[in-house]
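*Asks:* Pasting my_file23.tsv below, which is TSV, C-alpha atoms and all ligand atoms.
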chain	number	residue	atom	x	y	z
Q	904	MET	CA	-27.69	0.78	16.07
Q	905	LYS	CA	-28.85	-0.88	12.82
Q	906	GLN	CA	-28.36	0.82	9.46
Q	907	SER	CA	-28.96	-0.28	5.90
Q	908	THR	CA	-27.71	0.94	2.54
Q	909	GLU	CA	-27.44	-0.11	-1.09
Q	910	VAL	CA	-23.62	-0.23	-1.15
Q	911	LEU	CA	-21.28	-0.36	1.83
Q	912	VAL	CA	-17.67	0.76	1.26
Q	913	ILE	CA	-15.27	-0.52	3.92
Q	914	GLY	CA	-12.16	1.66	4.20
Q	915	THR	CA	-11.73	5.29	3.14
Q	916	GLY	CA	-8.12	5.51	2.05
Q	917	GLN	CA	-7.54	6.49	-1.56
Q	918	ALA	CA	-9.15	3.27	-2.84
Q	919	GLY	CA	-12.38	3.57	-0.84
Q	920	LEU	CA	-12.67	7.27	-1.69
Q	921	GLY	CA	-12.18	6.52	-5.39
Q	922	ALA	CA	-15.13	4.12	-5.11
Q	923	CYS	CA	-17.19	6.76	-3.23
Q	924	TYR	CA	-16.50	9.24	-6.05
Q	925	TYR	CA	-17.97	6.98	-8.74
Q	926	LEU	CA	-20.85	5.84	-6.52
Q	927	LYS	CA	-21.84	9.48	-5.93
Q	928	LYS	CA	-21.42	10.29	-9.62
Q	929	ARG	CA	-23.73	7.41	-10.59
Q	930	GLY	CA	-26.28	8.48	-7.95
Q	931	ILE	CA	-25.98	5.19	-6.05
Q	932	THR	CA	-26.86	5.28	-2.36
Q	933	PHE	CA	-23.87	4.28	-0.27
Q	934	LEU	CA	-22.35	4.39	3.17
Q	935	ALA	CA	-18.60	4.26	3.80
Q	936	VAL	CA	-16.97	3.30	7.09
Q	937	ASP	CA	-13.40	3.57	8.33
Q	938	ALA	CA	-11.81	2.34	11.51
Q	939	ASP	CA	-9.67	5.48	11.77
Q	940	ILE	CA	-10.62	8.95	13.01
Q	941	LYS	CA	-10.37	10.52	9.55
Q	942	ALA	CA	-9.40	9.73	5.97
Q	943	GLY	CA	-5.73	9.59	4.95
Q	944	GLU	CA	-4.41	8.45	8.33
Q	945	SER	CA	-2.56	5.46	6.86
Q	946	TRP	CA	-0.30	8.01	5.11
Q	947	ARG	CA	0.08	10.17	8.24
Q	948	LYS	CA	1.25	7.17	10.31
Q	949	ARG	CA	4.22	6.42	8.01
Q	950	TRP	CA	7.75	7.60	8.87
Q	951	ASP	CA	8.41	11.33	9.31
Q	952	ASN	CA	10.53	12.05	6.21
Q	953	LEU	CA	8.59	9.87	3.80
Q	954	ARG	CA	7.96	11.52	0.46
Q	955	LEU	CA	5.95	9.78	-2.21
Q	956	PHE	CA	8.12	8.31	-4.95
Q	957	THR	CA	5.32	9.10	-7.41
Q	958	PRO	CA	5.09	12.77	-8.49
Q	959	ALA	CA	2.03	14.94	-7.82
Q	960	ASN	CA	0.55	14.51	-11.31
Q	961	PHE	CA	0.36	10.75	-10.61
Q	962	ASP	CA	-1.11	11.17	-7.13
Q	963	SER	CA	-4.57	12.62	-7.77
Q	964	LEU	CA	-7.89	11.04	-6.95
Q	965	PRO	CA	-10.71	11.36	-9.50
Q	966	GLY	CA	-12.31	14.77	-9.96
Q	967	ARG	CA	-10.07	16.85	-7.66
Q	968	PRO	CA	-6.41	17.09	-8.71
Q	969	LEU	CA	-3.72	17.48	-6.10
Q	970	GLN	CA	-2.68	21.17	-6.17
Q	971	TYR	CA	1.09	20.88	-6.53
Q	972	PRO	CA	3.42	21.24	-9.52
Q	973	GLY	CA	3.34	18.03	-11.56
Q	974	SER	CA	6.85	16.84	-10.73
Q	975	TYR	CA	6.64	17.69	-7.01
Q	976	LEU	CA	7.00	14.73	-4.63
Q	977	PRO	CA	4.43	15.24	-1.85
Q	978	SER	CA	5.33	14.48	1.75
Q	979	LYS	CA	3.25	11.83	3.52
Q	980	ASP	CA	1.52	14.57	5.57
Q	981	GLU	CA	0.65	16.55	2.43
Q	982	MET	CA	-0.84	13.37	0.95
Q	983	ALA	CA	-2.76	12.67	4.18
Q	984	ALA	CA	-4.15	16.24	4.19
Q	985	TYR	CA	-5.21	15.95	0.52
Q	986	ILE	CA	-7.02	12.66	1.15
Q	987	SER	CA	-8.71	14.00	4.26
Q	988	GLU	CA	-9.92	17.13	2.39
Q	989	TYR	CA	-11.03	15.00	-0.57
Q	990	ALA	CA	-13.19	12.91	1.77
Q	991	GLN	CA	-15.14	15.99	2.86
Q	992	GLN	CA	-17.17	15.97	-0.37
Q	993	PHE	CA	-18.84	12.74	0.86
Q	994	ASP	CA	-19.51	14.26	4.25
Q	995	SER	CA	-22.49	12.51	5.85
Q	996	SER	CA	-21.97	9.32	3.81
Q	997	ILE	CA	-18.79	8.43	5.75
Q	998	GLN	CA	-18.63	7.18	9.31
Q	999	PHE	CA	-15.21	7.31	10.95
Q	1000	SER	CA	-14.02	5.40	14.04
Q	1001	CYS	CA	-16.22	2.60	12.72
Q	1002	ALA	CA	-14.23	-0.64	12.41
Q	1003	THR	CA	-15.78	-3.58	10.58
Q	1004	LYS	CA	-15.22	-6.59	12.81
Q	1005	LYS	CA	-17.06	-9.18	10.74
Q	1006	LEU	CA	-18.56	-9.27	7.27
Q	1007	ARG	CA	-21.14	-11.97	6.58
Q	1008	LYS	CA	-23.42	-12.97	3.77
Q	1009	THR	CA	-27.15	-12.76	4.32
Q	1010	GLU	CA	-29.96	-14.09	2.15
Q	1011	ASP	CA	-30.24	-10.91	0.10
Q	1012	GLY	CA	-26.94	-9.15	0.73
Q	1013	PHE	CA	-24.43	-8.62	3.52
Q	1014	GLU	CA	-24.23	-7.87	7.21
Q	1015	ALA	CA	-21.26	-5.90	8.55
Q	1016	ILE	CA	-20.77	-6.08	12.28
Q	1017	THR	CA	-19.01	-2.86	13.17
Q	1018	SER	CA	-17.85	-1.10	16.31
Q	1019	LYS	CA	-20.90	1.16	15.88
Q	1020	GLY	CA	-23.54	-1.50	15.27
Q	1021	ASN	CA	-24.69	-3.63	12.35
Q	1022	ILE	CA	-24.90	-2.37	8.78
Q	1023	TYR	CA	-26.91	-4.23	6.14
Q	1024	ALA	CA	-26.02	-3.68	2.50
Q	1025	LYS	CA	-27.05	-5.23	-0.81
Q	1026	GLN	CA	-23.47	-4.90	-2.10
Q	1027	VAL	CA	-20.10	-4.36	-0.45
Q	1028	ILE	CA	-16.82	-2.88	-1.70
Q	1029	VAL	CA	-13.86	-3.82	0.51
Q	1030	ALA	CA	-11.16	-1.11	0.28
Q	1031	THR	CA	-9.10	-1.75	3.38
Q	1032	GLY	CA	-5.74	-1.56	1.62
Q	1033	GLY	CA	-3.08	-4.10	0.80
Q	1034	PHE	CA	-0.84	-3.46	3.77
Q	1035	HIS	CA	-2.32	-4.92	6.93
Q	1036	VAL	CA	0.10	-6.94	9.05
Q	1037	PRO	CA	3.88	-6.36	9.03
Q	1038	ARG	CA	5.63	-9.35	7.45
Q	1039	VAL	CA	8.53	-10.47	9.66
Q	1040	PRO	CA	10.15	-13.94	9.40
Q	1041	ASP	CA	9.37	-16.36	12.25
Q	1042	PHE	CA	13.08	-16.76	13.08
Q	1043	ALA	CA	13.18	-13.10	14.18
Q	1044	ALA	CA	11.89	-14.49	17.50
Q	1045	ASN	CA	15.29	-16.24	17.98
Q	1046	LEU	CA	17.09	-12.91	18.37
Q	1047	THR	CA	18.05	-11.81	21.87
Q	1048	ARG	CA	16.42	-8.80	23.44
Q	1049	THR	CA	19.68	-6.85	23.23
Q	1050	VAL	CA	19.01	-6.54	19.49
Q	1051	GLN	CA	16.40	-3.88	18.80
Q	1052	GLN	CA	14.02	-4.99	16.05
Q	1053	LEU	CA	11.40	-2.91	14.35
Q	1054	HIS	CA	9.35	-3.08	11.18
Q	1055	THR	CA	9.29	-0.08	8.82
Q	1056	SER	CA	5.70	0.57	9.97
Q	1057	ASP	CA	7.07	1.38	13.46
Q	1058	TYR	CA	9.99	3.51	12.26
Q	1059	HIS	CA	9.52	7.27	12.68
Q	1060	ASN	CA	12.95	8.87	12.40
Q	1061	GLN	CA	16.65	8.51	13.33
Q	1062	THR	CA	15.96	9.13	17.01
Q	1063	ASP	CA	14.27	5.69	17.15
Q	1064	ILE	CA	17.63	4.07	16.39
Q	1065	PRO	CA	20.46	3.89	18.95
Q	1066	PRO	CA	24.04	4.51	17.75
Q	1067	GLY	CA	25.80	1.49	16.22
Q	1068	GLU	CA	25.28	-0.98	13.43
Q	1069	VAL	CA	21.94	-1.18	11.70
Q	1070	VAL	CA	20.87	-3.99	9.37
Q	1071	VAL	CA	17.99	-3.16	7.06
Q	1072	VAL	CA	16.41	-6.36	5.73
Q	1073	GLY	CA	14.77	-5.68	2.36
Q	1074	ALA	CA	16.05	-3.43	-0.40
Q	1075	GLY	CA	12.78	-2.14	-1.85
Q	1076	ASN	CA	11.80	1.53	-1.86
Q	1077	SER	CA	11.04	1.62	1.89
Q	1078	GLY	CA	14.24	-0.15	2.95
Q	1079	ALA	CA	16.33	1.97	0.58
Q	1080	GLN	CA	14.82	5.28	1.76
Q	1081	ILE	CA	15.32	4.45	5.43
Q	1082	ALA	CA	18.87	3.18	4.83
Q	1083	VAL	CA	19.79	6.46	3.09
Q	1084	GLU	CA	18.30	8.44	5.97
Q	1085	LEU	CA	20.27	6.47	8.58
Q	1086	CYS	CA	23.61	6.13	6.82
Q	1087	GLU	CA	24.83	9.62	7.75
Q	1088	ASN	CA	24.98	8.70	11.44
Q	1089	HIS	CA	24.94	4.91	11.53
Q	1090	GLN	CA	26.83	2.03	10.03
Q	1091	VAL	CA	24.18	0.58	7.72
Q	1092	THR	CA	24.06	-2.80	5.96
Q	1093	VAL	CA	21.16	-3.63	3.65
Q	1094	ILE	CA	20.27	-7.21	2.74
Q	1095	GLY	CA	18.35	-7.62	-0.51
Q	1096	LYS	CA	17.62	-10.94	-2.19
Q	1097	LYS	CA	18.37	-9.83	-5.73
Q	1098	GLU	CA	19.78	-6.87	-7.57
Q	1099	ARG	CA	16.83	-4.64	-8.44
Q	1100	LEU	CA	16.14	-2.55	-11.45
Q	1101	SER	CA	16.65	1.02	-10.33
Q	1102	LEU	CA	15.63	4.11	-12.26
Q	1103	PRO	CA	16.42	7.80	-11.74
Q	1104	GLN	CA	13.56	9.94	-10.42
Q	1105	ALA	CA	13.73	12.01	-13.62
Q	1106	PHE	CA	15.22	11.61	-17.08
Q	1107	LEU	CA	15.45	14.18	-19.91
Q	1108	GLY	CA	13.33	16.59	-17.88
Q	1109	LYS	CA	10.46	14.15	-17.31
Q	1110	ASN	CA	9.64	12.20	-14.19
Q	1111	VAL	CA	10.30	8.46	-14.42
Q	1112	PHE	CA	6.58	7.74	-14.03
Q	1113	TRP	CA	5.93	9.72	-17.21
Q	1114	TRP	CA	8.34	7.34	-18.99
Q	1115	LEU	CA	6.90	4.26	-17.29
Q	1116	ARG	CA	3.46	5.24	-18.49
Q	1117	LEU	CA	4.74	5.98	-22.01
Q	1118	ALA	CA	6.45	2.58	-22.15
Q	1119	GLY	CA	3.23	0.87	-21.05
Q	1120	ILE	CA	4.90	-0.45	-17.88
Q	1121	LEU	CA	2.64	1.37	-15.41
Q	1122	ASN	CA	-0.39	-0.05	-17.17
Q	1123	ALA	CA	1.18	-3.51	-17.57
Q	1124	GLN	CA	-1.51	-6.12	-17.01
Q	1125	LYS	CA	-1.01	-8.23	-13.94
Q	1126	ASP	CA	0.12	-11.29	-15.90
Q	1127	GLY	CA	2.13	-9.39	-18.51
Q	1128	PHE	CA	5.92	-9.48	-18.93
Q	1129	TRP	CA	6.72	-6.46	-16.73
Q	1130	SER	CA	4.41	-7.55	-13.94
Q	1131	ARG	CA	5.98	-11.02	-13.90
Q	1132	TYR	CA	9.47	-9.47	-13.98
Q	1133	ILE	CA	8.72	-7.19	-11.02
Q	1134	LYS	CA	7.06	-9.97	-9.03
Q	1135	ARG	CA	10.24	-12.03	-9.52
Q	1136	HIS	CA	12.80	-9.28	-8.89
Q	1137	GLY	CA	10.94	-6.92	-6.53
Q	1138	ASP	CA	9.59	-3.39	-7.08
Q	1139	ILE	CA	11.59	-1.00	-9.23
Q	1140	LEU	CA	13.77	1.19	-7.03
Q	1141	ILE	CA	12.91	4.81	-7.78
Q	1142	GLY	CA	15.69	7.42	-7.42
Q	1143	LYS	CA	19.45	7.00	-7.28
Q	1144	ASP	CA	20.23	8.17	-3.71
Q	1145	PHE	CA	20.50	4.59	-2.47
Q	1146	ASN	CA	22.85	3.47	-5.24
Q	1147	ARG	CA	24.97	6.59	-4.72
Q	1148	ALA	CA	25.27	5.87	-0.97
Q	1149	VAL	CA	26.26	2.25	-1.74
Q	1150	LYS	CA	28.89	3.44	-4.24
Q	1151	ALA	CA	30.24	5.97	-1.75
Q	1152	GLY	CA	30.64	3.17	0.81
Q	1153	LYS	CA	28.09	4.73	3.18
Q	1154	ILE	CA	25.81	1.68	2.88
Q	1155	LYS	CA	26.98	-1.91	2.58
Q	1156	LEU	CA	24.65	-3.84	0.28
Q	1157	ILE	CA	24.55	-7.64	0.43
Q	1158	HIS	CA	22.66	-9.62	-2.20
Q	1159	ALA	CA	21.61	-12.75	-0.34
Q	1160	LYS	CA	18.64	-14.34	1.35
Q	1161	LEU	CA	18.35	-14.07	5.08
Q	1162	GLN	CA	18.02	-17.66	6.30
Q	1163	ASP	CA	17.99	-17.67	10.06
Q	1164	ALA	CA	18.71	-15.75	13.22
Q	1165	LYS	CA	20.39	-16.92	16.40
Q	1166	ALA	CA	21.07	-14.91	19.58
Q	1167	SER	CA	22.43	-11.64	18.16
Q	1168	LYS	CA	23.34	-12.94	14.70
Q	1169	LEU	CA	21.63	-12.96	11.34
Q	1170	ILE	CA	22.57	-15.87	9.09
Q	1171	VAL	CA	22.64	-15.13	5.41
Q	1172	SER	CA	22.44	-17.57	2.46
Q	1173	ASN	CA	25.97	-16.72	1.24
Q	1174	GLY	CA	27.31	-18.21	4.47
Q	1175	ASN	CA	27.97	-14.88	6.18
Q	1176	GLU	CA	26.83	-13.99	9.66
Q	1177	LEU	CA	25.94	-10.45	10.59
Q	1178	THR	CA	25.69	-8.83	13.97
Q	1179	ALA	CA	23.68	-5.68	14.48
Q	1180	LYS	CA	22.40	-3.53	17.30
Q	1181	THR	CA	19.26	-2.73	15.37
Q	1182	ILE	CA	17.40	-4.63	12.68
Q	1183	ILE	CA	14.81	-2.87	10.57
Q	1184	TRP	CA	12.47	-5.27	8.79
Q	1185	ALA	CA	11.67	-3.64	5.45
Q	1186	THR	CA	9.99	-6.86	4.45
Q	1187	GLY	CA	6.53	-5.66	3.49
Q	1188	TYR	CA	3.11	-6.67	4.71
Q	1189	LYS	CA	0.68	-9.59	4.75
Q	1190	PRO	CA	-3.02	-9.29	4.04
Q	1191	ALA	CA	-5.43	-9.90	6.93
Q	1192	TYR	CA	-8.99	-10.58	5.84
Q	1193	GLN	CA	-9.97	-13.02	8.58
Q	1194	TRP	CA	-12.89	-10.71	9.43
Q	1195	VAL	CA	-14.44	-11.50	6.02
Q	1196	GLU	CA	-16.43	-14.52	7.17
Q	1197	ILE	CA	-17.73	-15.51	3.75
Q	1198	GLU	CA	-16.87	-18.91	2.37
Q	1199	GLY	CA	-14.85	-18.68	-0.84
Q	1200	ALA	CA	-14.17	-14.93	-0.55
Q	1201	VAL	CA	-10.51	-15.41	0.35
Q	1202	ASP	CA	-8.13	-18.14	-0.90
Q	1203	SER	CA	-5.79	-20.37	1.10
Q	1204	ASN	CA	-3.08	-17.66	0.94
Q	1205	GLY	CA	-5.45	-15.17	2.53
Q	1206	LEU	CA	-5.92	-13.25	-0.73
Q	1207	PRO	CA	-9.28	-12.16	-2.15
Q	1208	VAL	CA	-10.69	-14.38	-4.88
Q	1209	GLN	CA	-11.52	-11.83	-7.56
Q	1210	THR	CA	-11.10	-10.75	-11.15
Q	1211	ARG	CA	-10.41	-7.03	-11.55
Q	1212	GLY	CA	-12.00	-6.48	-8.15
Q	1213	VAL	CA	-15.18	-8.43	-8.86
Q	1214	ALA	CA	-15.49	-11.37	-6.45
Q	1215	SER	CA	-17.00	-14.74	-7.26
Q	1216	ILE	CA	-19.49	-14.04	-4.42
Q	1217	GLU	CA	-22.33	-12.04	-5.91
Q	1218	GLY	CA	-22.38	-8.46	-4.62
Q	1219	LEU	CA	-18.85	-8.49	-3.20
Q	1220	TYR	CA	-16.09	-6.28	-4.65
Q	1221	TRP	CA	-12.53	-5.23	-3.83
Q	1222	VAL	CA	-10.55	-2.06	-4.64
Q	1223	GLY	CA	-6.97	-1.03	-3.89
Q	1224	MET	CA	-5.20	-4.38	-3.92
Q	1225	PRO	CA	-1.71	-4.57	-5.34
Q	1226	TRP	CA	-1.98	-6.20	-8.82
Q	1227	GLN	CA	-5.78	-5.97	-8.84
Q	1228	SER	CA	-5.76	-5.30	-12.56
Q	1229	ALA	CA	-2.34	-3.89	-13.42
Q	1230	LEU	CA	1.04	-2.96	-12.01
Q	1231	LYS	CA	-0.28	0.46	-10.99
Q	1232	SER	CA	-3.25	-0.95	-9.03
Q	1233	GLY	CA	-1.47	-0.63	-5.67
Q	1234	LEU	CA	-0.50	2.99	-6.41
Q	1235	VAL	CA	-2.61	6.14	-6.14
Q	1236	ASN	CA	-2.47	6.29	-9.93
Q	1237	GLY	CA	-4.27	2.96	-10.30
Q	1238	VAL	CA	-7.28	3.82	-8.15
Q	1239	ASN	CA	-9.18	5.82	-10.73
Q	1240	GLU	CA	-9.56	3.01	-13.28
Q	1241	ASP	CA	-10.00	0.19	-10.76
Q	1242	ALA	CA	-12.62	2.03	-8.69
Q	1243	LYS	CA	-14.53	3.06	-11.83
Q	1244	PHE	CA	-14.45	-0.50	-13.17
Q	1245	VAL	CA	-15.76	-1.93	-9.90
Q	1246	VAL	CA	-18.57	0.62	-9.57
Q	1247	ASP	CA	-19.54	0.06	-13.22
Q	1248	ASN	CA	-19.76	-3.65	-12.47
Q	1249	LEU	CA	-22.01	-3.40	-9.42
Q	1250	LYS	CA	-25.31	-5.16	-9.88
Q	1251	GLY	CA	-27.87	-2.93	-11.58
Q	1252	VAL	CA	-25.46	-0.20	-12.70
Q	1253	ILE	CA	-25.70	1.14	-16.22
Q	1254	LYS	CA	-22.15	1.66	-17.48
Q	1255	GLN	CA	-21.19	5.23	-18.35
Q	1256	SER	CA	-18.20	6.44	-20.32
Q	1257	GLN	CA	-16.93	9.00	-17.75
X	1301	LIG	C1	5.69	3.00	2.90
X	1301	LIG	C2	4.78	3.12	1.71
X	1301	LIG	C3	5.04	4.08	0.74
X	1301	LIG	C4	4.21	4.19	-0.37
X	1301	LIG	N1	4.49	5.14	-1.30
X	1301	LIG	C5	3.69	5.27	-2.39
X	1301	LIG	C6	3.94	6.30	-3.37
X	1301	LIG	O1	4.91	7.03	-3.30
X	1301	LIG	N2	3.07	6.40	-4.40
X	1301	LIG	C7	1.98	5.58	-4.54
X	1301	LIG	O2	1.22	5.76	-5.49
X	1301	LIG	N3	1.74	4.60	-3.64
X	1301	LIG	C8	2.56	4.43	-2.59
X	1301	LIG	N4	2.29	3.44	-1.65
X	1301	LIG	C9	1.21	2.45	-1.95
X	1301	LIG	C10	-0.23	2.94	-1.71
X	1301	LIG	O3	-0.52	4.06	-2.51
X	1301	LIG	C11	-0.54	3.26	-0.25
X	1301	LIG	O4	-0.27	2.13	0.54
X	1301	LIG	C12	-2.01	3.69	-0.01
X	1301	LIG	O5	-2.12	4.12	1.34
X	1301	LIG	C13	-3.02	2.56	-0.25
X	1301	LIG	O6	-4.31	3.10	-0.19
X	1301	LIG	P1	-5.59	2.23	0.17
X	1301	LIG	O7	-6.77	3.11	0.16
X	1301	LIG	O8	-5.61	1.03	-0.71
X	1301	LIG	O9	-5.29	1.70	1.63
X	1301	LIG	P2	-5.06	2.53	2.96
X	1301	LIG	O10	-4.49	3.87	2.69
X	1301	LIG	O11	-4.32	1.61	3.86
X	1301	LIG	O12	-6.55	2.73	3.51
X	1301	LIG	C14	-7.31	1.66	4.01
X	1301	LIG	C15	-8.30	2.23	5.00
X	1301	LIG	O13	-9.12	1.15	5.45
X	1301	LIG	C16	-9.35	1.29	6.83
X	1301	LIG	N5	-9.64	-0.04	7.38
X	1301	LIG	C17	-8.82	-1.13	7.40
X	1301	LIG	N6	-9.46	-2.20	7.95
X	1301	LIG	C18	-10.70	-1.76	8.27
X	1301	LIG	C19	-11.85	-2.38	8.84
X	1301	LIG	N7	-11.85	-3.67	9.19
X	1301	LIG	N8	-12.96	-1.63	9.04
X	1301	LIG	C20	-12.99	-0.32	8.67
X	1301	LIG	N9	-11.93	0.31	8.12
X	1301	LIG	C21	-10.82	-0.38	7.91
X	1301	LIG	C22	-8.07	1.90	7.38
X	1301	LIG	O14	-8.32	2.60	8.58
X	1301	LIG	C23	-7.65	2.84	6.23
X	1301	LIG	O15	-8.13	4.15	6.40
X	1301	LIG	C24	3.09	3.32	-0.53
X	1301	LIG	C25	2.86	2.34	0.45
X	1301	LIG	C26	3.69	2.23	1.55
X	1301	LIG	C27	3.41	1.16	2.57
Starting from the file, lay out its structure as structure tokens.
*Replies:*
Amino acid sequence: MKQSTEVLVIGTGQAGLGACYYLKKRGITFLAVDADIKAGESWRKRWDNLRLFTPANFDSLPGRPLQYPGSYLPSKDEMAAYISEYAQQFDSSIQFSCATKKLRKTEDGFEAITSKGNIYAKQVIVATGGFHVPRVPDFAANLTRTVQQLHTSDYHNQTDIPPGEVVVVGAGNSGAQIAVELCENHQVTVIGKKERLSLPQAFLGKNVFWWLRLAGILNAQKDGFWSRYIKRHGDILIGKDFNRAVKAGKIKLIHAKLQDAKASKLIVSNGNELTAKTIIWATGYKPAYQWVEIEGAVDSNGLPVQTRGVASIEGLYWVGMPWQSALKSGLVNGVNEDAKFVVDNLKGVIKQSQ
């Protein structure tokens, strides 16, 4: 089946839906597609006990606030349900179970080859998220099969992990949360490259994100001091549960770089060797835009070539990438401004203040 539209939005997580909101508000004809069966599924697929580290008043999409007390930390299923309900306002403009397999440039726009046929659009907003392919070092393949390895994206709960020693590689928010969850019943070691800045969830009665916004850190521009600091040291660790478990001796924390793996051993830059029954790779994700078959759209590192979401290819836009414009761009809180900016910068759109 062939379809055509003015603007095609690819992906209906929070970023794509933010774009849909401003497109609808500006009266621009659009069609949105998502490979999944409904909106918000990327949240639903995360591990069972995941709670957002950002409080409810930082987790709303434009126009329809999340209905929880401001300081409440939503569960991943509550977030998924909110996103799925939010998507209903765009109803017939979204097609689910519609994966974009290729995106190409045409003479006067773009052609998206999807699992449901071809879609032609004058302009395209890619909002497929920043977390595509689990990042696991190549040397993980040297480990014997007796060592169970899984990436955080495949972790559901403690029952996935057999008794015995667990090494969590990566001490960011995901690695720290999972380590805390496992340390009651397992012997847990966490390897993190550097000591991270960690902040309590709340301070003087206000959530840490309130303070981060007040201090200008949440809005820090992508090349500003705080953004450079965080890129060098890793994300700020939110909450003190992890540090408390380390202090109490329930988690062993090693600051070192993992260098290699052989048989059942992990080799660490400080010369130590570690043996574990299970290794959890809390090592983040890589982007995967190989389906964007447009010359110059993606750089040699596989990252979109763009400025604040506006690509150098006319008519092509991106929303929802970590560091798109500011530190908060990869968070729910960053979607509003980034999506609005991108929609305001579509060809032929008259900028509005709201
Ligand atoms: C473990 C974890 C915890 C996080 N916790 C927080 C938090 O507490 N607070 C916070 O603000 N942020 C958090 N984030 C960051 C961020 O808010 C989420 O990752 C969020 O899901 C990103 O939204 P998105 O719309 O950019 O991408 P996604 O939610 O990933 O949505 C992308 C959509 O695009 C679709 N798609 C992908 N490829 C295609 C294709 N080729 N064709 C069609 N559709 C496609 C997918 O099906 C998906 O629905 C967390 C991230 C992770 C990984």
*Asks:* Could you pull the residues within 12 Å of Q:Glu1240, counting all atoms listed in the file, minus those fewer than 4 positions along the same chain, as JSON, numbers by chain?
*Replies:* {"Q": [918, 921, 922, 924, 925, 964, 965, 1122, 1211, 1212, 1222, 1223, 1227, 1228, 1229, 1231, 1232, 1233, 1234, 1235, 1236, 1244, 1245, 1246, 1247, 1256, 1257]}
*Asks:* Stretch 1159-1190 of chain Q near stretch 1067-1082 of chain Q within 12 Å: what's each residue's closest atom pair and its distance in Å to one decimal, counting only C-alpha atoms, ordered by chain then ascending residue number, as a tab-separated table?
*Replies:*
residue	atom	partner	partner_atom	distance
Q:Ala1159	CA	Q:Gly1073	CA	10.2
Q:Lys1160	CA	Q:Val1072	CA	9.4
Q:Leu1161	CA	Q:Val1072	CA	8.0
Q:Gln1162	CA	Q:Val1072	CA	11.4
Q:Ser1167	CA	Q:Val1070	CA	11.8
Q:Lys1168	CA	Q:Val1070	CA	10.7
Q:Leu1169	CA	Q:Val1070	CA	9.2
Q:Ile1170	CA	Q:Val1072	CA	11.8
Q:Val1171	CA	Q:Val1072	CA	10.8
Q:Glu1176	CA	Q:Val1070	CA	11.6
Q:Leu1177	CA	Q:Val1070	CA	8.3
Q:Thr1178	CA	Q:Glu1068	CA	7.9
Q:Ala1179	CA	Q:Glu1068	CA	5.1
Q:Lys1180	CA	Q:Glu1068	CA	5.5
Q:Thr1181	CA	Q:Val1069	CA	4.8
Q:Ile1182	CA	Q:Val1070	CA	4.8
Q:Ile1183	CA	Q:Val1071	CA	4.7
Q:Trp1184	CA	Q:Val1072	CA	5.1
Q:Ala1185	CA	Q:Gly1073	CA	4.8
Q:Thr1186	CA	Q:Gly1073	CA	5.3
Q:Gly1187	CA	Q:Gly1073	CA	8.3
Q:Tyr1188	CA	Q:Ser1077	CA	11.8
*Asks:* Which residue out of Q:Leu953, Q:Ala1164, Q:Leu926, Q:Leu1117 has the minimum interatomic distance to ligand LIG 1301 (chain X) when only C-alpha atoms and all ligand atoms are used?
*Replies:*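 The answer is Q:Leu953, which sits nearest to ligand LIG 1301 (chain X).
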*Asks:* Report the distance between atom CA of Q:Phe999 and atom CA of Q:Glu1217 in Å, rounded to one decimal place.
*Replies:* 26.6 Å
*Asks:* Distance atom CA of Q:Val1039-atom C8 of ligand LIG 1301 (chain X), one decimal place?
*Replies:*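 Those two atoms sit 20.2 Å apart.
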*Asks:* Pick out the closest residue to ligand LIG 1301 (chain X) from this set: Q:Gln1090, Q:Gln1209, Q:Ser963, Q:Gln906. Count all atoms listed in the file.
*Replies:* Q:Ser963
*Asks:* Taking all atoms listed in the file and a cut-off of 8 Å, can you tell me which residues surround ligand LIG 1301 (chain X), written as a VMD selection string?
*Replies:* chain Q and resid 913 to 920 936 to 939 941 to 946 949 to 950 953 to 958 961 to 962 1000 to 1005 1017 1030 to 1035 1055 to 1056 1076 to 1077 1187 1194 1222 to 1224 1231 1233 to 1237
*Asks:* Just add N, CA, C and O atoms to stretch 1098-1102 of chain Q and send it as an mmCIF file, in the frame of the given file.
*Replies:*
data_model
loop_
_atom_site.group_PDB
_atom_site.id
_atom_site.type_symbol
_atom_site.label_atom_id
_atom_site.label_comp_id
_atom_site.auth_asym_id
_atom_site.auth_seq_id
_atom_site.Cartn_x
_atom_site.Cartn_y
_atom_site.Cartn_z
ATOM 1 N N GLU Q 1098 19.528 -8.224 -7.091
ATOM 2 C CA GLU Q 1098 19.780 -6.870 -7.570
ATOM 3 C C GLU Q 1098 18.487 -6.367 -8.229
ATOM 4 O O GLU Q 1098 17.866 -7.085 -9.002
ATOM 5 N N ARG Q 1099 18.088 -5.160 -7.884
ATOM 6 C CA ARG Q 1099 16.830 -4.640 -8.440
ATOM 7 C C ARG Q 1099 17.090 -3.675 -9.574
ATOM 8 O O ARG Q 1099 18.107 -2.974 -9.579
ATOM 9 N N LEU Q 1100 16.098 -3.586 -10.431
ATOM 10 C CA LEU Q 1100 16.140 -2.550 -11.450
ATOM 11 C C LEU Q 1100 15.940 -1.230 -10.718
ATOM 12 O O LEU Q 1100 15.016 -1.087 -9.915
ATOM 13 N N SER Q 1101 16.843 -0.277 -10.964
ATOM 14 C CA SER Q 1101 16.650 1.020 -10.330
ATOM 15 C C SER Q 1101 16.654 2.097 -11.408
ATOM 16 O O SER Q 1101 17.417 2.013 -12.377
ATOM 17 N N LEU Q 1102 15.771 3.066 -11.250
ATOM 18 C CA LEU Q 1102 15.630 4.110 -12.260
ATOM 19 C C LEU Q 1102 15.758 5.478 -11.611
ATOM 20 O O LEU Q 1102 15.333 5.654 -10.460
#
